[in-house]
Structures are given as structure tokens and as C-alpha cells.
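Okay, start09.cif now, which holds mmCIF, C-alpha atoms and all ligand atoms:
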```cif
data_entry
loop_
_atom_site.label_atom_id
_atom_site.label_comp_id
_atom_site.auth_asym_id
_atom_site.auth_seq_id
_atom_site.Cartn_x
_atom_site.Cartn_y
_atom_site.Cartn_z
CA MET A 1098 121.15 57.56 120.87
CA LYS A 1099 121.05 59.87 123.84
CA LEU A 1100 122.19 63.18 122.41
CA ASP A 1101 121.02 64.99 125.53
CA ASP A 1102 123.84 63.28 127.47
CA LEU A 1103 126.36 65.09 125.29
CA ASN A 1104 126.05 68.33 127.24
CA ASP A 1105 126.89 66.50 130.47
CA ILE A 1106 129.89 64.75 128.97
CA LEU A 1107 131.21 67.98 127.46
CA LYS A 1108 130.57 70.24 130.43
CA ASP A 1109 134.24 70.39 131.48
CA GLU A 1110 135.49 70.82 127.91
CA PRO A 1111 136.22 74.22 126.34
CA ASN A 1112 133.32 75.86 124.49
CA TYR A 1113 134.63 75.24 121.01
CA ARG A 1114 134.46 71.49 121.71
CA ARG A 1115 130.66 71.58 121.66
CA LYS A 1116 130.78 73.16 118.19
CA GLN A 1117 133.26 70.54 117.01
CA VAL A 1118 131.05 67.76 118.28
CA GLY A 1119 127.97 69.28 116.64
CA HIS A 1120 129.84 69.47 113.37
CA LEU A 1121 130.95 65.85 113.62
CA LEU A 1122 127.40 64.72 114.35
CA TYR A 1123 125.33 66.78 111.94
CA LYS A 1124 127.69 67.79 109.12
CA ASP A 1125 130.24 64.97 108.96
CA LEU A 1126 127.47 62.57 109.99
CA ILE A 1127 129.82 60.17 111.77
CA ASP A 1128 128.22 56.99 113.10
CA ASP A 1129 130.92 56.06 115.58
CA TRP A 1130 133.00 58.35 117.78
CA SER A 1131 136.17 56.49 116.75
CA GLN A 1132 135.86 58.39 113.44
CA ALA A 1133 136.23 61.68 115.33
CA THR A 1134 140.04 61.75 115.20
CA ILE A 1135 139.95 65.47 115.90
CA LEU A 1136 139.02 64.57 119.51
CA SER A 1137 141.34 63.00 122.06
CA LYS A 1138 141.24 59.22 122.40
CA PRO A 1139 139.97 59.26 126.00
CA LEU A 1140 137.13 61.59 124.99
CA ARG A 1141 136.22 59.41 122.02
CA GLU A 1142 136.14 56.38 124.28
CA LYS A 1143 134.02 58.17 126.84
CA LEU A 1144 131.58 59.32 124.15
CA ASN A 1145 131.34 55.84 122.68
CA ALA A 1146 130.66 54.42 126.13
CA ILE A 1147 128.04 56.95 127.23
CA CYS A 1148 126.56 58.20 123.99
CA PRO A 1149 127.06 55.64 121.22
CA LEU A 1150 125.95 56.82 117.78
CA PHE A 1151 124.77 53.50 116.40
CA ILE A 1152 121.21 53.54 115.06
CA ASN A 1153 119.59 50.14 114.84
CA GLY A 1154 117.83 50.51 111.51
CA GLU A 1155 116.89 47.91 108.96
CA ILE A 1156 116.16 49.01 105.39
CA ILE A 1157 113.51 47.61 103.11
CA LYS A 1158 113.98 49.03 99.64
CA SER A 1159 111.14 49.77 97.31
CA GLY A 1160 111.13 48.36 93.81
CA ASP A 1161 111.37 51.76 92.17
CA LYS A 1162 114.43 52.78 94.23
CA LYS A 1163 112.83 56.17 94.86
CA SER A 1164 111.47 55.38 98.28
CA GLU A 1165 113.06 53.39 101.02
CA LYS A 1166 111.61 52.38 104.29
CA ALA A 1167 113.42 51.56 107.50
CA LEU A 1168 112.37 49.95 110.70
CA ILE A 1169 114.31 51.40 113.62
CA THR A 1170 114.53 49.39 116.81
CA LEU A 1171 114.77 51.59 119.88
CA ASN A 1172 116.64 50.91 123.11
CA ASP A 1173 113.59 49.31 124.75
CA GLY A 1174 113.03 47.00 121.77
CA ALA A 1175 110.08 48.96 120.39
CA ALA A 1176 110.15 49.42 116.61
CA ILE A 1177 109.17 52.50 114.62
CA GLU A 1178 109.17 53.17 110.94
CA THR A 1179 110.55 55.98 108.85
CA VAL A 1180 110.52 56.48 105.09
CA LEU A 1181 112.82 58.33 102.67
CA MET A 1182 111.24 59.61 99.46
CA ARG A 1183 113.29 60.93 96.57
CA HIS A 1184 111.17 63.29 94.47
CA LYS A 1185 111.64 64.06 90.79
CA ASP A 1186 112.25 67.74 91.59
CA GLY A 1187 115.25 66.83 93.73
CA ARG A 1188 113.67 67.04 97.18
CA ARG A 1189 114.51 64.25 99.57
CA THR A 1190 111.74 63.99 102.12
CA VAL A 1191 111.89 61.97 105.30
CA CYS A 1192 108.66 60.81 106.89
CA VAL A 1193 109.11 60.46 110.66
CA SER A 1194 107.14 58.78 113.42
CA SER A 1195 106.28 60.67 116.59
CA GLN A 1196 104.93 57.80 118.70
CA VAL A 1197 105.26 54.03 119.00
CA GLY A 1198 101.82 53.07 117.73
CA CYS A 1199 98.95 55.55 117.98
CA PRO A 1200 95.88 55.88 120.23
CA MET A 1201 93.69 57.69 117.69
CA ALA A 1202 92.26 54.49 116.18
CA CYS A 1203 91.38 55.82 112.70
CA GLY A 1204 89.60 52.90 111.03
CA PHE A 1205 91.65 52.88 107.82
CA CYS A 1206 95.10 53.31 109.37
CA ALA A 1207 97.44 50.41 110.10
CA THR A 1208 99.07 52.23 113.02
CA GLY A 1209 95.63 52.99 114.44
CA MET A 1210 94.91 49.28 114.53
CA MET A 1211 97.99 48.43 116.56
CA GLY A 1212 97.15 50.72 119.48
CA PHE A 1213 99.49 52.95 121.44
CA LYS A 1214 102.67 52.07 123.27
CA ARG A 1215 104.51 55.29 124.10
CA ASN A 1216 105.65 58.70 122.98
CA LEU A 1217 109.04 59.06 121.33
CA VAL A 1218 111.58 61.26 123.07
CA LYS A 1219 113.20 64.11 121.18
CA ASP A 1220 116.35 62.16 120.32
CA GLU A 1221 114.33 59.25 118.90
CA ILE A 1222 112.70 61.67 116.47
CA ILE A 1223 116.02 63.27 115.47
CA GLU A 1224 117.56 59.80 115.11
CA GLN A 1225 115.18 58.96 112.24
CA VAL A 1226 116.39 61.96 110.24
CA LEU A 1227 120.04 61.26 111.08
CA PHE A 1228 119.61 57.69 109.90
CA TRP A 1229 118.64 58.86 106.40
CA SER A 1230 121.14 61.75 106.38
CA ARG A 1231 123.93 59.25 106.99
CA ARG A 1232 122.61 56.94 104.32
CA LEU A 1233 122.35 59.71 101.71
CA LYS A 1234 125.84 60.92 102.53
CA SER A 1235 127.38 57.48 102.21
CA ALA A 1236 125.64 57.09 98.82
CA GLY A 1237 127.14 60.42 97.72
CA GLU A 1238 123.70 62.05 97.47
CA GLU A 1239 122.51 65.44 98.74
CA GLY A 1240 121.14 65.51 102.26
CA VAL A 1241 117.57 65.45 103.54
CA SER A 1242 115.68 68.53 102.37
CA ASN A 1243 112.18 68.05 103.85
CA ILE A 1244 110.58 66.39 106.83
CA VAL A 1245 106.97 65.33 107.29
CA PHE A 1246 105.48 64.09 110.55
CA MET A 1247 103.33 61.54 108.73
CA GLY A 1248 104.73 58.33 110.11
CA MET A 1249 103.36 56.47 113.10
CA GLY A 1250 101.59 58.41 115.80
CA GLU A 1251 99.79 61.68 116.40
CA PRO A 1252 102.40 64.46 116.72
CA PHE A 1253 100.13 66.75 118.76
CA LEU A 1254 99.84 64.09 121.47
CA ASN A 1255 103.61 64.31 121.84
CA TYR A 1256 103.69 68.06 121.40
CA GLN A 1257 106.74 69.07 123.45
CA ASN A 1258 109.09 66.42 122.09
CA VAL A 1259 107.98 67.07 118.52
CA ILE A 1260 108.56 70.83 118.82
CA ALA A 1261 111.90 70.30 120.60
CA ALA A 1262 113.00 67.91 117.84
CA ILE A 1263 111.93 70.40 115.16
CA ARG A 1264 113.92 73.18 116.81
CA ALA A 1265 116.99 70.95 116.96
CA ILE A 1266 116.60 69.79 113.33
CA ASN A 1267 116.05 73.40 112.33
CA ASP A 1268 119.17 74.67 114.15
CA LYS A 1269 121.81 75.95 111.76
CA ASP A 1270 124.47 74.17 113.84
CA GLY A 1271 122.33 71.02 113.70
CA LEU A 1272 120.81 69.48 110.57
CA ASN A 1273 119.89 72.98 109.38
CA ILE A 1274 116.62 72.00 107.70
CA GLY A 1275 114.41 75.08 107.27
CA ALA A 1276 111.15 75.19 109.22
CA ARG A 1277 109.30 75.87 105.97
CA HIS A 1278 110.48 72.47 104.81
CA ILE A 1279 109.00 70.72 107.84
CA SER A 1280 105.33 69.64 107.98
CA ILE A 1281 103.28 68.43 110.93
CA SER A 1282 100.24 66.32 110.09
CA THR A 1283 97.45 65.95 112.65
CA CYS A 1284 94.19 64.05 112.74
CA GLY A 1285 92.70 67.31 113.97
CA LEU A 1286 93.55 67.97 117.62
CA ILE A 1287 92.37 71.53 118.13
CA ASP A 1288 94.51 72.18 121.22
CA GLY A 1289 97.62 71.33 119.22
CA ILE A 1290 96.60 73.62 116.36
CA LYS A 1291 96.10 76.46 118.84
CA LYS A 1292 99.48 75.85 120.50
CA LEU A 1293 101.29 75.65 117.16
CA ALA A 1294 99.81 78.98 116.10
CA LYS A 1295 101.58 80.60 119.08
CA GLU A 1296 104.91 78.89 118.48
CA ASN A 1297 106.28 81.41 116.00
CA LEU A 1298 107.70 78.59 113.90
CA GLN A 1299 107.39 78.66 110.12
CA VAL A 1300 106.48 74.96 109.88
CA ASN A 1301 103.64 73.69 107.68
CA LEU A 1302 100.42 72.35 109.11
CA ALA A 1303 98.53 69.47 107.48
CA ILE A 1304 95.13 68.24 108.58
CA SER A 1305 94.00 64.67 107.96
CA LEU A 1306 90.42 65.32 106.90
CA HIS A 1307 89.42 62.22 104.92
CA ALA A 1308 85.71 63.00 105.04
CA SER A 1309 83.48 65.66 103.54
CA ASN A 1310 80.93 65.77 106.36
CA ASN A 1311 80.89 65.27 110.09
CA HIS A 1312 78.81 62.09 110.05
CA LEU A 1313 81.24 60.29 107.75
CA ARG A 1314 84.24 61.67 109.60
CA GLU A 1315 82.93 60.33 112.91
CA LYS A 1316 82.63 56.90 111.34
CA LEU A 1317 86.19 56.91 109.99
CA MET A 1318 87.99 58.85 112.71
CA PRO A 1319 86.92 58.61 116.38
CA VAL A 1320 88.63 61.97 117.04
CA ALA A 1321 85.76 63.66 115.16
CA LYS A 1322 83.39 62.78 118.01
CA LYS A 1323 85.40 65.06 120.27
CA TYR A 1324 86.27 67.76 117.77
CA SER A 1325 83.56 68.42 115.19
CA LEU A 1326 84.44 69.29 111.62
CA LYS A 1327 83.00 72.75 112.17
CA ASN A 1328 85.16 73.45 115.22
CA LEU A 1329 88.19 71.96 113.51
CA LEU A 1330 87.83 74.34 110.56
CA LEU A 1331 87.28 77.27 112.92
CA ALA A 1332 90.56 76.40 114.66
CA VAL A 1333 92.34 76.18 111.30
CA ASP A 1334 90.91 79.57 110.33
CA ALA A 1335 92.21 81.07 113.57
CA TYR A 1336 95.61 79.48 112.84
CA ILE A 1337 95.62 81.05 109.36
CA GLU A 1338 94.55 84.39 110.79
CA LYS A 1339 97.51 84.29 113.18
CA THR A 1340 100.17 82.84 110.89
CA ASN A 1341 99.02 83.72 107.37
CA ARG A 1342 100.29 80.30 106.30
CA LYS A 1343 98.70 77.86 103.89
CA VAL A 1344 97.16 74.72 105.38
CA MET A 1345 97.01 71.38 103.64
CA PHE A 1346 94.02 69.06 104.00
CA GLU A 1347 94.82 65.43 103.35
CA TYR A 1348 92.04 63.36 101.86
CA VAL A 1349 92.67 59.64 101.41
CA LEU A 1350 90.34 58.29 98.75
CA ILE A 1351 88.73 55.04 99.90
CA LYS A 1352 86.56 53.07 97.50
CA ASN A 1353 82.82 53.60 98.02
CA ILE A 1354 83.40 55.21 101.41
CA ASN A 1355 84.38 58.83 100.75
CA ASP A 1356 84.99 59.05 96.99
CA SER A 1357 81.57 59.87 95.49
CA GLU A 1358 80.74 62.96 93.47
CA VAL A 1359 78.58 64.14 96.37
CA ASN A 1360 81.62 63.86 98.66
CA ALA A 1361 83.68 65.89 96.19
CA HIS A 1362 81.07 68.65 96.04
CA GLU A 1363 80.76 68.69 99.84
CA LEU A 1364 84.53 68.91 100.19
CA ALA A 1365 84.66 71.76 97.69
CA GLN A 1366 82.14 73.64 99.86
CA LEU A 1367 84.26 73.13 102.97
CA MET A 1368 87.43 74.37 101.27
CA HIS A 1369 86.26 77.98 101.26
CA GLN A 1370 89.51 79.63 102.38
CA PRO A 1371 92.03 80.76 99.77
CA LEU A 1372 94.85 79.49 101.98
CA TYR A 1373 93.38 75.96 102.16
CA PHE A 1374 94.59 73.34 99.72
CA VAL A 1375 93.74 69.68 99.29
CA ASN A 1376 96.09 66.76 98.92
CA LEU A 1377 94.33 63.74 97.43
CA ILE A 1378 95.99 60.47 98.42
CA ALA A 1379 95.26 57.08 96.91
CA TYR A 1380 94.47 54.76 99.82
CA ASN A 1381 97.16 52.19 100.48
CA GLU A 1382 95.24 49.00 101.22
CA THR A 1383 96.00 47.96 104.77
CA GLY A 1384 92.86 46.36 106.05
CA ASN A 1385 89.16 46.32 105.38
CA PHE A 1386 89.07 49.10 102.81
CA LYS A 1387 89.92 49.30 99.11
CA THR A 1388 91.64 51.97 96.99
CA SER A 1389 89.35 54.12 94.84
CA ASP A 1390 89.35 53.44 91.11
CA LYS A 1391 91.63 55.69 89.08
CA GLU A 1392 88.64 57.16 87.13
CA LYS A 1393 86.93 58.08 90.39
CA ILE A 1394 90.05 59.84 91.65
CA ILE A 1395 90.27 61.81 88.39
CA LYS A 1396 86.59 62.76 88.58
CA PHE A 1397 86.93 63.73 92.26
CA LYS A 1398 89.88 65.97 91.47
CA LYS A 1399 88.07 67.54 88.52
CA ILE A 1400 85.14 68.57 90.71
CA LEU A 1401 87.50 70.28 93.16
CA ASP A 1402 89.41 71.93 90.31
CA SER A 1403 86.21 73.27 88.76
CA ALA A 1404 85.14 74.69 92.12
CA GLY A 1405 88.41 76.63 92.25
CA VAL A 1406 89.92 74.59 95.08
CA GLU A 1407 93.70 74.16 94.95
CA VAL A 1408 94.32 70.44 94.80
CA VAL A 1409 97.33 68.19 94.36
CA GLU A 1410 97.53 64.45 94.05
CA ARG A 1411 100.25 62.90 96.17
CA PHE A 1412 102.47 60.35 94.48
CA SER A 1413 101.61 57.01 95.90
CA PHE A 1414 105.13 56.23 96.92
CA GLY A 1415 106.27 52.81 97.92
CA GLY A 1416 103.09 50.75 97.75
CA ASP A 1417 105.38 47.78 97.33
CA ILE A 1418 107.22 48.51 100.55
CA ASP A 1419 104.08 48.86 102.65
CA ALA A 1420 104.88 52.55 102.98
CA ALA A 1421 101.50 53.45 104.41
CA CYS A 1422 101.47 54.34 108.03
CA GLY A 1423 102.18 51.45 110.35
CA GLN A 1424 102.09 48.69 107.81
CA LEU A 1425 105.59 47.40 108.18
CA ALA A 1426 105.73 47.66 111.93
CA ASN A 1427 102.39 45.86 112.05
CA LYS A 1428 103.89 42.93 110.24
CA GLN A 1429 106.58 42.84 112.88
CA LYS A 1430 104.12 43.23 115.68
CA SER A 1431 105.99 40.93 117.99
CA ARG A 1432 108.69 43.58 118.23
CA TYR A 1433 106.20 45.92 119.87
CA SER A 1434 105.33 43.63 122.67
CA LYS A 1435 108.91 43.31 123.90
N1 LIG B 1501 98.42 61.21 113.11
C1 LIG B 1501 98.79 62.10 112.07
C2 LIG B 1501 100.02 61.69 111.28
C3 LIG B 1501 100.20 60.25 110.91
S1 LIG B 1501 99.36 59.56 109.54
C4 LIG B 1501 97.61 62.34 111.15
O1 LIG B 1501 96.57 61.73 111.36
O2 LIG B 1501 97.70 63.19 110.28
C5 LIG B 1501 99.90 60.42 108.12
C6 LIG B 1501 98.86 60.41 107.00
O3 LIG B 1501 98.71 59.11 106.40
C7 LIG B 1501 97.47 60.77 107.51
O4 LIG B 1501 96.83 61.65 106.63
C8 LIG B 1501 96.79 59.42 107.54
O5 LIG B 1501 95.42 59.54 107.55
C9 LIG B 1501 97.35 58.78 106.29
N2 LIG B 1501 97.15 57.34 106.20
C10 LIG B 1501 96.99 56.45 107.20
N3 LIG B 1501 96.80 55.21 106.71
C11 LIG B 1501 96.86 55.32 105.37
C12 LIG B 1501 96.74 54.38 104.30
N4 LIG B 1501 96.55 53.10 104.54
N5 LIG B 1501 96.84 54.84 103.04
C13 LIG B 1501 97.07 56.16 102.78
N6 LIG B 1501 97.21 57.07 103.75
C14 LIG B 1501 97.09 56.66 105.03
#
```
Could you express the structure from this file as C-alpha cells?
Ligand code: SAH
Amino acid sequence: MKLDDLNDILKDEPNYRRKQVGHLLYKDLIDDWSQATILSKPLREKLNAICPLFINGEIIKSGDKKSEKALITLNDGAAIETVLMRHKDGRRTVCVSSQVGCPMACGFCATGMMGFKRNLVKDEIIEQVLFWSRRLKSAGEEGVSNIVFMGMGEPFLNYQNVIAAIRAINDKDGLNIGARHISISTCGLIDGIKKLAKENLQVNLAISLHASNNHLREKLMPVAKKYSLKNLLLAVDAYIEKTNRKVMFEYVLIKNINDSEVNAHELAQLMHQPLYFVNLIAYNETGNFKTSDKEKIIKFKKILDSAGVEVVERFSFGGDIDAACGQLANKQKSRYSK
């Protein structure tokens, strides 16, 4: 979809037309302009010719019906993945990709292994949310309530398009999803954290930490060689100082790599700020590493709890649909090389 072309097409139309079109797109969630009978036939035909609304998505359902994953094929043949998660408390969260592939090369991440192809443009980010909004509507369910930038790619390497997409998704005449319900997850790019602090947007920031000391982090995540753990936490503190918002630290528990009691104690020491909280994630096996044993995860969490660190354990959604970052697209690798 090329939503940006809409302004050009509508430039000779009266002002109210733009509102009508926005309503058709984001509230009625039409997927073909022929459904827009409120518009004249010539305009519908023009819109279908220049700005077709078809999204080329293919759904792979999970066994538990709570999470669904889709592979969206873009105009240049590149494929990205996006996931819908239905939570028990009624939230419906969409996980979006920000890049085709990823250059950050984190050792445990399937996307990291496939390398980087290109940034997504704003419309390709919005399209992922629209895809699920349409699906929920046609199933008679409530719309998307939350968005997390935890799909393929590093959002801060595609900063402008990510922020532009968030503003559009946030717009009350658009999908109208509150900024507080949108989370950006980064592997720890300090420049991005600094820029976001100045944005005056109420979005949530999540940091992929995954290690309790710098040495281990450097081994798992090449980005740590450029930005040390110490400097990363200083940047997060400055962000908190400026925004007064909580920051989530994601910690994927990988068997015998980062899940020892020593690691838990080290992590507890790092989490000194009252506005920090930890999200423990069971590793989804994608390559050389294994998931931590359940008992180890419980013990790890207990140590953080006892140290007074706020900690949650993320549901491991969709293991059976390869929901972890990059897994599905990796299996369809040929589609990347088109
Ligand atoms: N580049 C961003 C966002 C994409 S990854 C970032 O690094 O935060 C979203 C989250 O999924 C990150 O915390 C990432 O480390 C984690 N992740 C990657 N591979 C995973 C796997 N196999 N199992 C569980 N989580 C994984």
C-alpha cells in the first residue's frame, strides 16, 4: 500500500473527502476501494488503480488460537513477519517489524542470522497493523489495542519511519491507538534513546538486555562492543530523568549462558532504578542455544523478587508458530533474495 499517494490523489477534492477516506481506511477498515460506495465511481477506480488496499499476507495460526502469525510479502517481494497476540485480560497486541532482516547480528536471534536487507517505509509498518485490524474486524472482535516493535529489525536504525508510523497509528483520525499502548524495543542504541527522550511521545521504551555483565553481553550482542552496559544504563537514566517513564528490560533466559544464580544477582544489582522493570522471556529455540529449565527460570525470578526488582514473566506465546523473531521468515529465506 502507498498511503502517502492518497494526498496527491485527493488534492483537488473538497476537504471533507480526506476525512471520509480516512474513516473508510481506519474505521471501516475496507480492503478494496470498490467497497467505498460513498465515493464516486471514477474516484474509486482511480484509488484502486493508484493506491490499492490489498495486503499480501499469509496467516499461520498457532495451536492455541491465541496468537497468530502472518508473513507479509511487500511490493519488492521481500517478506516480513508480524504477530497478533490475544491476551487473557482482553488486550490484542500486534508485534510489528521495522526492517527486512536486521544488521545487529545478536547471536541468539533468528533475524540476526539472516542479515539486513532494507528499512521498511512508514506505510509498510502501518500496513502490518491494518492487516490485523481488518482480520479482527471481520472476525467480529475488538480492534488492536497495543503495538510492540519487537518483530524483525532494530527500530532505532529506522528511526524516522518508525516515529512517523507511530504518529500516524496514534492519530485519532487514524487507528487511534494511544502512545502509551505502543512500545519500542531496542538492542540498546544510545543515539536512539536520546532522540526518543526529546520526542515528547508517551510511548514505552524496552531495552533488550539479555546479559548481566558487559563481558557476557559483548559475547551475545555485538552492539555491546560499541555501547557498553554502563553507558547504556546512563542513557536510560537520562531518558527516565527527562520523561519520568518506566523502562522495561527484556532478559531472554538461555540455558547455561545467562541463567545462573550469579547472573540473577548481577542483574538485580544493575536494576537499581525504581522505574526499571524486568521482563523475563523463555528463549524460543532458534539455533545453537537451548531454553532454560523451568526450575531455573523460577529461581532466577525469585532472586530478582527478593532483591525488590519489579519483574514479570512474558507468556511464551506461539512457540508452535515459530513466533520468535525472524523464525518464520528464515524458513522462507528464498523470499528475501528476490
Ligand atoms: N531489535 C529490537 C527489536 C526486535 S527483537 C531489540 O533488539 O529489542 C524483539 C525481542 O525478541 C528482543 O528482546 C530480542 O532479543 C528477542 N528475541 C530474539 N530472538 C529471540 C528468541 N529466539 N527467543 C526469545 N526472544 C527472542
**Q.** Expected selection as a PyMOL selection string for ligand LIG 1501 (chain B) within 7 Å, all atoms listed in the file
**A.** chain A and resi 1205-1207+1246-1252+1282-1284+1303-1305+1347-1349+1378-1383+1421-1422
Q: Report the distance between CA of Ile1223 in chain A and CA of Lys1292 in chain A in Å, rounded to one decimal place.
A: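 Taking CA of Ile1223 in chain A and CA of Lys1292 in chain A, their separation equals 21.4 Å.
Between CA of Ile1290 in chain A and CA of Ala1332 in chain A lies a distance of 6.9 Å.
Residues in contact with Leu1372 in chain A at up to 10 Å, not including ones fewer than 2 positions away on its chain and judged by only C-alpha atoms, are A:Asp1334, A:Ile1337, A:Asn1341, A:Arg1342, A:Lys1343, A:Val1344, A:Met1345, A:Met1368, A:His1369, A:Gln1370, A:Phe1374, A:Val1406, A:Glu1407.
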Q: Would you list the contacts of Gly1204 in chain A as a VMD selection string, taking every protein, DNA or RNA residue within 12 Å and counting all atoms listed in the file, but skipping same-chain residues closer than 4 positions in sequence?
A: chain A and resid 1199 to 1200 1208 to 1212 1307 1313 to 1320 1351 1354 1382 to 1386
Pull the closest atom pair for each residue of range 1107-1153 of chain A that gets at most 12 Å from range 1167-1174 of chain A, along with the distance in Å to one decimal, counting all atoms listed in the file, ordering rows by chain and then ascending residue number, as JSON lines.
```
{"residue": "A:Pro1149", "atom": "CA", "partner": "A:Asn1172", "partner_atom": "CA", "distance": 11.6}
{"residue": "A:Phe1151", "atom": "CA", "partner": "A:Leu1171", "partner_atom": "CA", "distance": 10.8}
{"residue": "A:Ile1152", "atom": "CA", "partner": "A:Ile1169", "partner_atom": "CA", "distance": 7.4}
{"residue": "A:Asn1153", "atom": "CA", "partner": "A:Thr1170", "partner_atom": "CA", "distance": 5.5}
```
Kindly complete range 1127-1142 of chain A to N, CA, C and O atoms; the output should be written as a PDB file, keeping the file's coordinate frame.
```pdb
ATOM      1  N   ILE A1127     129.109  61.373 111.308  1.00  0.00           N
ATOM      2  CA  ILE A1127     129.820  60.170 111.770  1.00  0.00           C
ATOM      3  C   ILE A1127     128.815  59.229 112.462  1.00  0.00           C
ATOM      4  O   ILE A1127     127.809  59.670 113.004  1.00  0.00           O
ATOM      5  N   ASP A1128     129.114  57.918 112.399  1.00  0.00           N
ATOM      6  CA  ASP A1128     128.220  56.990 113.100  1.00  0.00           C
ATOM      7  C   ASP A1128     128.941  56.214 114.197  1.00  0.00           C
ATOM      8  O   ASP A1128     128.400  55.269 114.770  1.00  0.00           O
ATOM      9  N   ASP A1129     130.176  56.655 114.471  1.00  0.00           N
ATOM     10  CA  ASP A1129     130.920  56.060 115.580  1.00  0.00           C
ATOM     11  C   ASP A1129     131.962  57.105 116.005  1.00  0.00           C
ATOM     12  O   ASP A1129     132.617  57.703 115.148  1.00  0.00           O
ATOM     13  N   TRP A1130     132.082  57.298 117.324  1.00  0.00           N
ATOM     14  CA  TRP A1130     133.000  58.350 117.780  1.00  0.00           C
ATOM     15  C   TRP A1130     134.450  58.051 117.423  1.00  0.00           C
ATOM     16  O   TRP A1130     135.287  58.958 117.396  1.00  0.00           O
ATOM     17  N   SER A1131     134.782  56.791 117.113  1.00  0.00           N
ATOM     18  CA  SER A1131     136.170  56.490 116.750  1.00  0.00           C
ATOM     19  C   SER A1131     136.561  57.215 115.455  1.00  0.00           C
ATOM     20  O   SER A1131     137.739  57.388 115.173  1.00  0.00           O
ATOM     21  N   GLN A1132     135.562  57.636 114.673  1.00  0.00           N
ATOM     22  CA  GLN A1132     135.860  58.390 113.440  1.00  0.00           C
ATOM     23  C   GLN A1132     136.233  59.842 113.738  1.00  0.00           C
ATOM     24  O   GLN A1132     136.693  60.562 112.862  1.00  0.00           O
ATOM     25  N   ALA A1133     136.017  60.266 114.975  1.00  0.00           N
ATOM     26  CA  ALA A1133     136.230  61.680 115.330  1.00  0.00           C
ATOM     27  C   ALA A1133     137.678  61.885 115.766  1.00  0.00           C
ATOM     28  O   ALA A1133     137.960  62.227 116.925  1.00  0.00           O
ATOM     29  N   THR A1134     138.624  61.710 114.833  1.00  0.00           N
ATOM     30  CA  THR A1134     140.040  61.750 115.200  1.00  0.00           C
ATOM     31  C   THR A1134     140.492  63.127 115.675  1.00  0.00           C
ATOM     32  O   THR A1134     141.555  63.276 116.268  1.00  0.00           O
ATOM     33  N   ILE A1135     139.664  64.123 115.435  1.00  0.00           N
ATOM     34  CA  ILE A1135     139.950  65.470 115.900  1.00  0.00           C
ATOM     35  C   ILE A1135     139.858  65.563 117.439  1.00  0.00           C
ATOM     36  O   ILE A1135     140.414  66.462 118.070  1.00  0.00           O
ATOM     37  N   LEU A1136     139.167  64.596 118.044  1.00  0.00           N
ATOM     38  CA  LEU A1136     139.020  64.570 119.510  1.00  0.00           C
ATOM     39  C   LEU A1136     140.060  63.631 120.121  1.00  0.00           C
ATOM     40  O   LEU A1136     140.545  62.716 119.450  1.00  0.00           O
ATOM     41  N   SER A1137     140.351  63.861 121.404  1.00  0.00           N
ATOM     42  CA  SER A1137     141.340  63.000 122.060  1.00  0.00           C
ATOM     43  C   SER A1137     140.780  61.578 122.198  1.00  0.00           C
ATOM     44  O   SER A1137     139.560  61.385 122.239  1.00  0.00           O
ATOM     45  N   LYS A1138     141.697  60.612 122.314  1.00  0.00           N
ATOM     46  CA  LYS A1138     141.240  59.220 122.400  1.00  0.00           C
ATOM     47  C   LYS A1138     140.377  58.974 123.643  1.00  0.00           C
ATOM     48  O   LYS A1138     139.319  58.354 123.545  1.00  0.00           O
ATOM     49  N   PRO A1139     140.821  59.505 124.809  1.00  0.00           N
ATOM     50  CA  PRO A1139     139.970  59.260 126.000  1.00  0.00           C
ATOM     51  C   PRO A1139     138.559  59.831 125.828  1.00  0.00           C
ATOM     52  O   PRO A1139     137.590  59.208 126.239  1.00  0.00           O
ATOM     53  N   LEU A1140     138.461  61.002 125.193  1.00  0.00           N
ATOM     54  CA  LEU A1140     137.130  61.590 124.990  1.00  0.00           C
ATOM     55  C   LEU A1140     136.301  60.737 124.032  1.00  0.00           C
ATOM     56  O   LEU A1140     135.120  60.468 124.258  1.00  0.00           O
ATOM     57  N   ARG A1141     136.932  60.278 122.972  1.00  0.00           N
ATOM     58  CA  ARG A1141     136.220  59.410 122.020  1.00  0.00           C
ATOM     59  C   ARG A1141     135.698  58.164 122.723  1.00  0.00           C
ATOM     60  O   ARG A1141     134.562  57.741 122.504  1.00  0.00           O
ATOM     61  N   GLU A1142     136.549  57.611 123.584  1.00  0.00           N
ATOM     62  CA  GLU A1142     136.140  56.380 124.280  1.00  0.00           C
ATOM     63  C   GLU A1142     134.986  56.645 125.231  1.00  0.00           C
ATOM     64  O   GLU A1142     134.045  55.871 125.341  1.00  0.00           O
TER      65      GLU A1142
END
```
